[in-house]
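K.L.:
Mind having a look at this structure? Questions to follow.
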There are 2 protein chains.
Amino acid sequence: MMAFDLTLRTALERAAKLFPHKEIISRDYSGTFRYTYADFYQRTQKLANVLQNFGIQKGERVATLAWNHHRHLELYFAIPCSGAVLHTLNLRLAPEQLVYIINHAEDQAIFVDKDLVPLLEVIKERIPTVKHIVVMSDTLDIPGTSLANPLSYEVLLAKAKETFSFPDLSEWDSAAMCYTTATTGDPKGVVYTHRGLMLHSYAAVLPDAINIGETDRVMPFVPMFHANAWGLPFACTWLGATQIFPGERPQAEDICRLIQEHKVTLAAGVPTIWMATYPLWENGKYDPSSLREIVSGGSAAPKSLLKNYMEKLGVSILHAYGMTETTPVVLVSRLKSTMKDWTDEEKYSVAAKQGLLVPGLEMKIVVEDGKEVPWDGKTMGELLLRGPWIAKEYYKEPVRSTAAFADGWLHTGDIVTVDAEGYVSIADRSKDLIKSGGEWISSIDLENTIMSHPAVAEAAVIAMYHPKWIERPLACVVLKKEYVGKVGTGDILDYLTGKVPKLWLPDRVEFLDVLPKTSVGKFYKQALRKQFAGLMVANSEGSGA
Amino acid sequence: MMAFDLTLRTALERAAKLFPHKEIISRDYSGTFRYTYADFYQRTQKLANVLQNFGIQKGERVATLAWNHHRHLELYFAIPCSGAVLHTLNLRLAPEQLVYIINHAEDQAIFVDKDLVPLLEVIKERIPTVKHIVVMSDTLDIPGTSLANPLSYEVLLAKAKETFSFPDLSEWDSAAMCYTTATTGDPKGVVYTHRGLMLHSYAAVLPDAINIGETDRVMPFVPMFHANAWGLPFACTWLGATQIFPGERPQAEDICRLIQEHKVTLAAGVPTIWMATYPLWENGKYDPSSLREIVSGGSAAPKSLLKNYMEKLGVSILHAYGMTETTPVVLVSRLKSTMKDWTDEEKYSVAAKQGLLVPGLEMKIVVEDGKEVPWDGKTMGELLLRGPWIAKEYYKEPVRSTAAFADGWLHTGDIVTVDAEGYVSIADRSKDLIKSGGEWISSIDLENTIMSHPAVAEAAVIAMYHPKWIERPLACVVLKKEYVGKVGTGDILDYLTGKVPKLWLPDRVEFLDVLPKTSVGKFYKQALRKQFAGLMVANSEGSGA
């Protein structure tokens, strides 16, 4: 067989040649923007000429600080296809973290959305590797800024040469990178090769995985700065699918409106999005009927959410699992054909798991001595992964890479169970697991059970100190507005009794107005731990419920 | 990203781990055989131990001479996963050709179906590299034979060690090989790497390609000795799809019965099969309603066939194109979403083309000076291909490889057109093209138009000599039984008038009882040329119609 390299150029050129008339749609600053793959390809070539004029060398990092839109898609292809490395900056990071990752990656240029320019103004003196800052707007003009020499994206493109001959790259060349925030210490960089991104594209769109084809109209709400928006922009371009991008700061109303207006067939985002949009669909304000499926990942969606979507809205939510280190798709919870006669309850229970390993990867679930756990759906162990789109190390972090990538496996830090059918269920992040005496309590299972209570909007469970058991569960609960003041600790504990092991019943329930969330929409347990720091320490007074 | 090799072991182990209870079904000598992927995996390990006991070394060729069945599937995985190379022998080859390819490949062992043993008895003295002949039957006993030391497959497996640790192979290691018969000279060998077979598996099952998932029940009628049965056994095992194998010499009745009995959702085979089964379904004798789709390839299916299947049977035929040198899937003719409002006639015309390039390959269509043809659906040129599952050479044939693989592209020898949407249509094999004066006449287009005549069962067009035009079309026509003697040359020419360019009207129409076919079911034009040799030569008398 030919030694033909798997590179993003193949994906880009396929879209341009076979689907020149298919559309890409963005919610832009001034309204709806539409163009075709032919237009997109032309602008991507111009953009590659801009990068060349900047003197960007092969393998150098070029950053984006941007929402999901067609300009970001142009950067997704022009940067890696011209040989540089696309570094997507998380716009929700603190200035200190942004400074750290820009310097650590030695970014040569940053492409920034006009409304995000203030984020750079704050740190402009502290990012010496950055030689060019390009501001993206839907006009030639860009807003006034204190940045030294800001360039206009649209002006640069208007002046750029029209054609660019994309080089033949090796599939092992770096194409993109992304930093993941760590529990302790600085963010850690993950580098994606062309090979990894292309193989991930194949696997992610298989019928047994996310299942995407040219006929789909795909809208990623998962940010393009978050694990490549789950790889969707790469894969959807390759397939010539219609892509719809939600632009800056999409709110629940925007999301529902965009899905209805653009007849989106497949939308992707974290569960907190689908929790926020649910009431807008349920009350009939918007129509979700174009949706063939919603892909939910990033954190576990409670079974009650899957059930409500299916039974009240007729929309199937597909559970997926991955992480920045895994490009990201690893598990997808499609039911097997052998389950078709199972009861609805049984089916929802399977769908609420993180799912089956997608074709191409290998997994092991091990306890501390490296022994594999039985596939019994009960025994917890750490998920280990290997495969062609799993990172082999953290960028320029030999010491921190050693433990996470020991023996050729990625040690995910996720504590999971696997059932007899092979469906993996995340019990917890290893750091969030509550170790109560000799038993492990899954904070996620407990949260999901609490969230199935009709009065509960959101719940997060963390460990609090106990003199005898060392750790005991503390439940932080946000009630739906209409139930505030009407539901108390006793109601929650009564509800849980019989649904979870007795040992898991929280020692304390705290009712909050809102739960803190991370930059990618997950519950931010570190902030809760800080808020309840008094209960965390060994000399704390709080113990029994 | 990890340097994780793409090998068939990943596919085999995924089936065993995630789908141990899914079924594999064979039409066996004594009836229907069923077992699970768990059983299959166990027997595959035993078979790998048998190969090890034979002393088969890494990279050595092990041949099969067999129909489609579960034992052949065991060989499909045990041979390559243990490091050897699966060489599938075409059981329809002449003894001389079999001798040639067995010696050329230096096969160390041959696994042969009991009813095919006579094919080896004839050549047993002339294949000195073959040290072991294993006879496959559904019993421990094997029939009496003149072979020197025949072994029984089932006896070997019964005695073999139960477990085998499949080695870590490189994705560049050879996994399989297949010979393709050449127009002139000896058959040419194509070697498939593990990487090529795995990437082909990804691409072939995509929603935009053949579209296969775990829920499918797949039946390949395309022989497992013919271009890996289009890669289906590898891909379906990987996905855990239910596989149904038709066993020895399946006839049209068997095919219809098996599809109905086993609720096959996807069947694959050459058009001549679907021409033969059509009347059995049309007259209501069998029920094709479990079929979600039929994949037809190997040669072009006429538009009339696609139309009859859809309109009379409600079954969609998906046109695919490939060749032994391409693993084989290259083109698949799925309609684009932008065509959904086209008329039925327009849709059938697209579906009758060979289709769009599957994700991962690159093509060029060139005329003799290497210039690319316009995408106008009219201009003919040769199809050139490159990509990760395209052969880079013929095995041990440096001289014959030079022209076919010049400049890093496979020169397919297929003369095609490509339309503005990117759909490729085979006009002809370059050797079958009729060069009439300065014009090219596509024998395939002409055949398909003739076959759309209600009285015509089959038609093949070859070139006959003409003193002025050099070549002119000669149509060989098989009439449906009820029309024999009632339809003549004039009827055919009248029918063609207006449907094809005037220049294309055949100079002569010959009515035959049957058309000769190749070992893989294609019209065998070489035999027709021999039959009408008197018309082929420059001093022939036949010219005007």
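In the structure tokens, each chain is lettered A, B, ... as it comes, each chain's residues begin at 1, and ligands are numbered from 1 in order of appearance.
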For Gly269 (chain B), list every protein, DNA or RNA residue within 12 Å, evaluated using only C-alpha atoms, and leave out those in the same chain fewer than 6 positions away; present the list as a PyMOL selection string.
P.N.:
chain B and resi 218-224+226-227+229-230+232+246+250+252+255+275-277+293-301+317-321+520-522
K.L.:
Contacts from chain B to chain A, 7 Å maximum, only C-alpha atoms: show me the residue list as a list in words.
P.N.:
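Going by the stated atoms only, the list reads Met1, Met2, Ala3, Phe4, Thr10, Leu18, Tyr192, Thr193, Gly196, Tyr202, Leu206, Pro207, Asp208, Asn211, Ile212, Gly213, Glu214, Thr215, Lys336, Ser337, Gly360, Gly387, Pro388, Trp389, Ile390, Ala391, Lys392, Glu421 and Gly422 of chain B.
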K.L.:
Output the selection as a PDB file, in the first residue's frame - C-alpha atoms for each residue.
P.N.:
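File out_19.pdb, as written:
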ATOM      1  CA  MET B   1      -0.188  11.336  19.880  1.00  0.00           C
ATOM      2  CA  MET B   2       0.824   7.745  20.567  1.00  0.00           C
ATOM      3  CA  ALA B   3       2.567   5.784  17.816  1.00  0.00           C
ATOM      4  CA  PHE B   4      -0.161   3.159  17.991  1.00  0.00           C
ATOM      5  CA  THR B  10      -7.560  -4.290  17.326  1.00  0.00           C
ATOM      6  CA  LEU B  18     -17.551  -5.915  23.237  1.00  0.00           C
ATOM      7  CA  TYR B 192      -2.454  -5.376   1.645  1.00  0.00           C
ATOM      8  CA  THR B 193      -0.870  -3.967   4.800  1.00  0.00           C
ATOM      9  CA  GLY B 196      -4.362  -0.293   4.533  1.00  0.00           C
ATOM     10  CA  TYR B 202     -12.977   3.019   8.549  1.00  0.00           C
ATOM     11  CA  LEU B 206     -18.871   5.624   6.966  1.00  0.00           C
ATOM     12  CA  PRO B 207     -22.438   6.926   6.671  1.00  0.00           C
ATOM     13  CA  ASP B 208     -21.472   8.515   3.342  1.00  0.00           C
ATOM     14  CA  ASN B 211     -22.857   2.855   5.998  1.00  0.00           C
ATOM     15  CA  ILE B 212     -22.546  -0.139   8.324  1.00  0.00           C
ATOM     16  CA  GLY B 213     -23.011  -0.404  12.064  1.00  0.00           C
ATOM     17  CA  GLU B 214     -23.325  -2.996  14.779  1.00  0.00           C
ATOM     18  CA  THR B 215     -27.068  -3.292  14.208  1.00  0.00           C
ATOM     19  CA  LYS B 336     -25.952  14.496  -1.979  1.00  0.00           C
ATOM     20  CA  SER B 337     -28.446  16.282   0.243  1.00  0.00           C
ATOM     21  CA  GLY B 360      -9.304   9.567   2.499  1.00  0.00           C
ATOM     22  CA  GLY B 387      -4.290   7.072  -0.869  1.00  0.00           C
ATOM     23  CA  PRO B 388      -3.531   4.874   2.107  1.00  0.00           C
ATOM     24  CA  TRP B 389      -5.327   1.771   0.791  1.00  0.00           C
ATOM     25  CA  ILE B 390      -4.124   1.999  -2.814  1.00  0.00           C
ATOM     26  CA  ALA B 391      -1.422  -0.497  -3.833  1.00  0.00           C
ATOM     27  CA  LYS B 392       2.018   0.930  -4.516  1.00  0.00           C
ATOM     28  CA  GLU B 421     -20.896  17.372  -8.728  1.00  0.00           C
ATOM     29  CA  GLY B 422     -17.821  15.128  -8.648  1.00  0.00           C
TER      30      GLY B 422
END
K.L.:
Taking only region 153-245 of chain A into account, list the residues labelled strand (DSSP E or B) by DSSP (computed from the backbone), as a short mmCIF file (atom, residue, chain, number, x, y, z; two decimals) with all heavy atoms, in the first residue's frame.
P.N.:
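The file below, part_27.cif, is the result:
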data_model
loop_
_atom_site.label_atom_id
_atom_site.label_comp_id
_atom_site.auth_asym_id
_atom_site.auth_seq_id
_atom_site.Cartn_x
_atom_site.Cartn_y
_atom_site.Cartn_z
N SER A 174 2.92 18.02 13.86
CA SER A 174 1.95 18.61 14.78
C SER A 174 0.97 19.47 13.99
O SER A 174 1.38 20.23 13.11
CB SER A 174 2.65 19.46 15.82
OG SER A 174 3.58 18.68 16.53
N ALA A 175 -0.30 19.38 14.33
CA ALA A 175 -1.33 20.17 13.64
C ALA A 175 -2.00 21.16 14.58
O ALA A 175 -2.37 22.25 14.18
CB ALA A 175 -2.38 19.23 13.04
N ALA A 176 -2.19 20.76 15.82
CA ALA A 176 -2.94 21.61 16.75
C ALA A 176 -2.50 21.32 18.17
O ALA A 176 -1.83 20.31 18.44
CB ALA A 176 -4.44 21.33 16.61
N MET A 177 -2.83 22.24 19.07
CA MET A 177 -2.59 21.98 20.49
C MET A 177 -3.61 22.70 21.35
O MET A 177 -4.24 23.67 20.93
CB MET A 177 -1.17 22.35 20.89
CG MET A 177 -0.90 23.80 21.07
SD MET A 177 0.83 24.08 21.58
CE MET A 177 0.97 23.04 23.03
N CYS A 178 -3.76 22.19 22.54
CA CYS A 178 -4.77 22.68 23.46
C CYS A 178 -4.24 22.45 24.87
O CYS A 178 -3.60 21.43 25.11
CB CYS A 178 -6.04 21.85 23.21
SG CYS A 178 -7.54 22.61 23.79
N TYR A 179 -4.48 23.41 25.76
CA TYR A 179 -4.06 23.21 27.15
C TYR A 179 -5.25 22.80 28.00
O TYR A 179 -6.37 23.26 27.78
CB TYR A 179 -3.42 24.48 27.71
CG TYR A 179 -1.99 24.67 27.25
CD1 TYR A 179 -1.72 25.09 25.94
CD2 TYR A 179 -0.92 24.40 28.08
CE1 TYR A 179 -0.42 25.25 25.49
CE2 TYR A 179 0.40 24.56 27.64
CZ TYR A 179 0.64 24.98 26.35
OH TYR A 179 1.93 25.13 25.91
N THR A 180 -4.98 21.93 28.94
CA THR A 180 -6.01 21.51 29.87
C THR A 180 -5.61 22.00 31.25
O THR A 180 -4.44 21.91 31.63
CB THR A 180 -6.19 19.97 29.83
OG1 THR A 180 -7.14 19.59 30.80
CG2 THR A 180 -4.89 19.23 30.06
N LYS A 188 -1.60 22.13 31.29
CA LYS A 188 -0.73 21.19 30.57
C LYS A 188 -1.14 21.14 29.11
O LYS A 188 -2.33 21.04 28.79
CB LYS A 188 -0.89 19.79 31.19
CG LYS A 188 -0.42 19.70 32.63
CD LYS A 188 -0.75 18.36 33.27
CE LYS A 188 -2.23 18.22 33.56
NZ LYS A 188 -2.55 16.96 34.29
N GLY A 189 -0.14 21.19 28.21
CA GLY A 189 -0.41 21.23 26.78
C GLY A 189 -0.48 19.85 26.16
O GLY A 189 0.31 18.97 26.48
N VAL A 190 -1.44 19.68 25.25
CA VAL A 190 -1.58 18.44 24.49
C VAL A 190 -1.42 18.79 23.02
O VAL A 190 -2.09 19.71 22.53
CB VAL A 190 -2.96 17.79 24.72
CG1 VAL A 190 -3.15 16.58 23.81
CG2 VAL A 190 -3.11 17.39 26.19
N VAL A 191 -0.53 18.09 22.32
CA VAL A 191 -0.30 18.36 20.90
C VAL A 191 -0.97 17.28 20.06
O VAL A 191 -0.81 16.08 20.33
CB VAL A 191 1.22 18.41 20.59
CG1 VAL A 191 1.45 18.56 19.09
CG2 VAL A 191 1.87 19.55 21.35
N TYR A 192 -1.74 17.70 19.06
CA TYR A 192 -2.42 16.77 18.15
C TYR A 192 -1.67 16.69 16.83
O TYR A 192 -1.39 17.73 16.22
CB TYR A 192 -3.86 17.24 17.88
CG TYR A 192 -4.65 17.49 19.15
CD1 TYR A 192 -4.87 18.78 19.61
CD2 TYR A 192 -5.15 16.43 19.89
CE1 TYR A 192 -5.59 19.01 20.78
CE2 TYR A 192 -5.86 16.65 21.07
CZ TYR A 192 -6.08 17.94 21.50
OH TYR A 192 -6.78 18.16 22.66
N THR A 193 -1.39 15.49 16.37
CA THR A 193 -0.77 15.33 15.06
C THR A 193 -1.85 15.30 13.97
O THR A 193 -3.03 15.06 14.25
CB THR A 193 0.00 14.00 14.98
OG1 THR A 193 -0.92 12.94 15.26
CG2 THR A 193 1.15 13.96 15.97
N ARG A 217 -26.70 18.73 9.27
CA ARG A 217 -26.52 20.15 9.54
C ARG A 217 -26.07 20.24 11.00
O ARG A 217 -26.87 20.08 11.91
CB ARG A 217 -27.82 20.91 9.29
CG ARG A 217 -28.35 20.70 7.85
CD ARG A 217 -29.71 21.35 7.63
NE ARG A 217 -29.64 22.78 7.76
CZ ARG A 217 -29.27 23.64 6.79
NH1 ARG A 217 -28.94 23.16 5.59
NH2 ARG A 217 -29.23 24.93 7.00
N VAL A 218 -24.78 20.46 11.17
CA VAL A 218 -24.15 20.26 12.48
C VAL A 218 -23.82 21.58 13.14
O VAL A 218 -23.25 22.48 12.51
CB VAL A 218 -22.86 19.42 12.32
CG1 VAL A 218 -22.21 19.18 13.68
CG2 VAL A 218 -23.17 18.09 11.64
N MET A 219 -24.15 21.71 14.41
CA MET A 219 -23.89 22.93 15.16
C MET A 219 -23.16 22.59 16.45
O MET A 219 -23.75 22.05 17.38
CB MET A 219 -25.21 23.62 15.48
CG MET A 219 -25.03 25.01 16.03
SD MET A 219 -26.53 25.95 15.66
CE MET A 219 -26.00 27.60 15.97
N PRO A 220 -21.88 22.92 16.52
CA PRO A 220 -21.15 22.68 17.75
C PRO A 220 -21.29 23.86 18.71
O PRO A 220 -20.86 24.97 18.40
CB PRO A 220 -19.69 22.53 17.29
CG PRO A 220 -19.62 23.25 15.99
CD PRO A 220 -21.01 23.41 15.45
N THR A 242 -23.20 20.51 6.26
CA THR A 242 -23.49 21.91 6.52
C THR A 242 -23.09 22.21 7.96
O THR A 242 -23.45 21.47 8.87
CB THR A 242 -24.99 22.21 6.31
OG1 THR A 242 -25.33 21.81 4.98
CG2 THR A 242 -25.29 23.68 6.50
N GLN A 243 -22.33 23.29 8.16
CA GLN A 243 -21.89 23.65 9.51
C GLN A 243 -22.51 24.98 9.90
O GLN A 243 -22.50 25.93 9.12
CB GLN A 243 -20.37 23.73 9.59
CG GLN A 243 -19.70 22.39 9.32
CD GLN A 243 -18.18 22.45 9.50
OE1 GLN A 243 -17.66 22.54 10.58
NE2 GLN A 243 -17.46 22.41 8.38
N ILE A 244 -23.00 25.02 11.12
CA ILE A 244 -23.61 26.24 11.65
C ILE A 244 -22.89 26.58 12.95
O ILE A 244 -22.76 25.74 13.84
CB ILE A 244 -25.12 26.03 11.90
CG1 ILE A 244 -25.81 25.68 10.58
CG2 ILE A 244 -25.73 27.28 12.51
CD1 ILE A 244 -26.41 24.32 10.54
N PHE A 245 -22.38 27.82 13.03
CA PHE A 245 -21.59 28.22 14.20
C PHE A 245 -22.33 29.30 14.98
O PHE A 245 -22.83 30.27 14.40
CB PHE A 245 -20.22 28.72 13.76
CG PHE A 245 -19.36 27.65 13.17
CD1 PHE A 245 -19.21 27.53 11.79
CD2 PHE A 245 -18.74 26.72 13.99
CE1 PHE A 245 -18.43 26.52 11.25
CE2 PHE A 245 -17.96 25.71 13.44
CZ PHE A 245 -17.81 25.61 12.07
#
K.L.:
One number please: CA of His70 (chain A) to CA of Leu147 (chain A), in Å, one decimal.
P.N.:
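Result for CA of His70 (chain A) versus CA of Leu147 (chain A): 24.3 Å, one decimal.
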K.L.:
Got a sec: who's within 12 Å of Gly31 (chain A), counting only C-alpha atoms, leaving out chain neighbours fewer than 3 positions off, as a list of chain:residue names?
P.N.:
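My reading of the contact set: A:Ile25, A:Ser26, A:Arg27, A:Asp28, A:Arg34, A:Asp138, A:Pro246, A:Gly247, A:Glu248, A:Leu258.
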K.L.:
Write to file, as a compact mmCIF listing (two decimals), in the first residue's frame, the residues of the selection just made, with all heavy atoms.
P.N.:
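Ended up saving to result-v3.txt:
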# COMPACT_ATOMS: atom_id res chain seq x y z
N ILE A 25 -22.49 28.46 7.91
CA ILE A 25 -23.30 29.57 8.42
C ILE A 25 -22.76 29.99 9.79
O ILE A 25 -22.45 29.13 10.61
CB ILE A 25 -24.78 29.14 8.54
CG1 ILE A 25 -25.32 28.71 7.17
CG2 ILE A 25 -25.64 30.26 9.13
CD1 ILE A 25 -26.64 27.95 7.22
N SER A 26 -22.63 31.30 10.00
CA SER A 26 -22.17 31.81 11.30
C SER A 26 -23.17 32.82 11.84
O SER A 26 -23.68 33.64 11.09
CB SER A 26 -20.84 32.56 11.17
OG SER A 26 -19.74 31.72 11.30
N ARG A 27 -23.38 32.80 13.14
CA ARG A 27 -24.01 33.94 13.80
C ARG A 27 -22.88 34.96 14.00
O ARG A 27 -21.98 34.75 14.81
CB ARG A 27 -24.60 33.50 15.13
CG ARG A 27 -25.15 34.62 15.99
CD ARG A 27 -25.94 34.05 17.18
NE ARG A 27 -26.11 35.03 18.23
CZ ARG A 27 -25.34 35.13 19.32
NH1 ARG A 27 -24.33 34.29 19.50
NH2 ARG A 27 -25.56 36.06 20.22
N ASP A 28 -22.91 36.02 13.18
CA ASP A 28 -21.83 37.00 13.19
C ASP A 28 -22.27 38.25 13.95
O ASP A 28 -23.42 38.36 14.36
CB ASP A 28 -21.46 37.34 11.73
CG ASP A 28 -19.99 37.71 11.58
OD1 ASP A 28 -19.32 37.94 12.60
OD2 ASP A 28 -19.52 37.75 10.42
N ARG A 34 -23.44 33.74 5.74
CA ARG A 34 -23.48 32.47 5.01
C ARG A 34 -22.46 32.52 3.90
O ARG A 34 -22.35 33.53 3.20
CB ARG A 34 -24.82 32.27 4.31
CG ARG A 34 -25.99 32.02 5.18
CD ARG A 34 -27.27 32.15 4.36
NE ARG A 34 -28.43 31.90 5.19
CZ ARG A 34 -28.97 30.70 5.40
NH1 ARG A 34 -28.46 29.64 4.81
NH2 ARG A 34 -30.01 30.56 6.20
N ASP A 138 -16.49 41.50 11.56
CA ASP A 138 -17.17 41.31 10.27
C ASP A 138 -17.00 42.54 9.38
O ASP A 138 -17.60 42.62 8.31
CB ASP A 138 -18.65 40.96 10.47
CG ASP A 138 -19.33 41.89 11.45
OD1 ASP A 138 -18.64 42.77 12.02
OD2 ASP A 138 -20.54 41.74 11.64
N PRO A 246 -22.38 29.17 16.31
CA PRO A 246 -23.23 30.06 17.10
C PRO A 246 -22.62 31.41 17.46
O PRO A 246 -23.32 32.22 18.09
CB PRO A 246 -23.50 29.23 18.37
CG PRO A 246 -22.31 28.34 18.49
CD PRO A 246 -21.84 28.05 17.10
N GLY A 247 -21.38 31.68 17.08
CA GLY A 247 -20.83 33.01 17.33
C GLY A 247 -20.59 33.31 18.80
O GLY A 247 -20.50 32.40 19.63
N GLU A 248 -20.55 34.63 19.10
CA GLU A 248 -20.13 35.03 20.46
C GLU A 248 -21.23 34.80 21.50
O GLU A 248 -22.39 35.06 21.25
CB GLU A 248 -19.73 36.51 20.46
CG GLU A 248 -20.81 37.44 19.93
CD GLU A 248 -20.72 38.86 20.46
OE1 GLU A 248 -19.96 39.15 21.38
OE2 GLU A 248 -21.47 39.70 19.93
N LEU A 258 -31.28 29.32 16.98
CA LEU A 258 -30.39 28.91 15.89
C LEU A 258 -30.73 27.50 15.41
O LEU A 258 -30.73 27.23 14.21
CB LEU A 258 -28.93 28.96 16.35
CG LEU A 258 -28.36 30.37 16.57
CD1 LEU A 258 -27.06 30.31 17.36
CD2 LEU A 258 -28.15 31.09 15.24
K.L.:
At a cut-off of 12 Å, using only C-alpha atoms, what residues contact region 483-490 of chain B? Leave out same-chain residues fewer than 5 positions from it and give the result as a list in words.
P.N.:
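My reading of the contact set: Ile450, His453, Pro454, Ala455, Val456, Ala457, Leu474, Ala475, Cys476, Val477, Val478, Tyr495, Leu496, Thr497, Leu505, Pro506, Asp507, Arg508, Val509, Glu510, Phe511, Leu512, Asp513 and Ala545 of chain B.
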K.L.:
What is the CA of Ser289 (chain B)-CA of Gln260 (chain B) distance in Å, reported with one decimal?
P.N.:
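Separation of CA of Ser289 (chain B) and CA of Gln260 (chain B): 7.8 Å.
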K.L.:
What is the CA of Gln108 (chain B)-CA of Thr44 (chain B) distance in Å, reported with one decimal?
P.N.:
18.8 Å
K.L.:
Could you go through region 257-322 of chain A and tell me which residues DSSP, when run on the backbone, assigns to helix (DSSP H, G or I), listing them as a list in words?
P.N.:
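Across region 257-322 of chain A, those assigned helix (DSSP H, G or I) are Arg257, Leu258, Ile259, Gln260, Glu261, Pro271, Thr272, Ile273, Trp274, Met275, Ala276, Thr277, Tyr278, Pro279, Leu280, Trp281, Glu282, Lys303, Ser304, Leu305, Leu306, Lys307, Asn308, Tyr309, Met310, Glu311, Lys312 and Leu313 of chain A.
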K.L.:
List the spatial neighbours of Asn103 (chain B) as number ranges by chain - criterion: any atom at most 10 Å away, only C-alpha atoms, same-chain residues fewer than 6 positions off excluded.
P.N.:
B: 97, 126-130
K.L.:
Using only C-alpha atoms, which of B:Ser349, B:Val99, B:Ala66, B:Tyr76 sits nearest Leu116 (chain B)?
P.N.:
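The closest residue to Leu116 (chain B) is B:Ala66.
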K.L.:
Give the answer as one residue: which of B:His200, B:Lys525, B:Lys303, B:Arg429 has the shortest atom-to-atom distance to Val329 (chain B), using only C-alpha atoms?
P.N.:
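For Val329 (chain B), the nearest of the given residues is B:His200.
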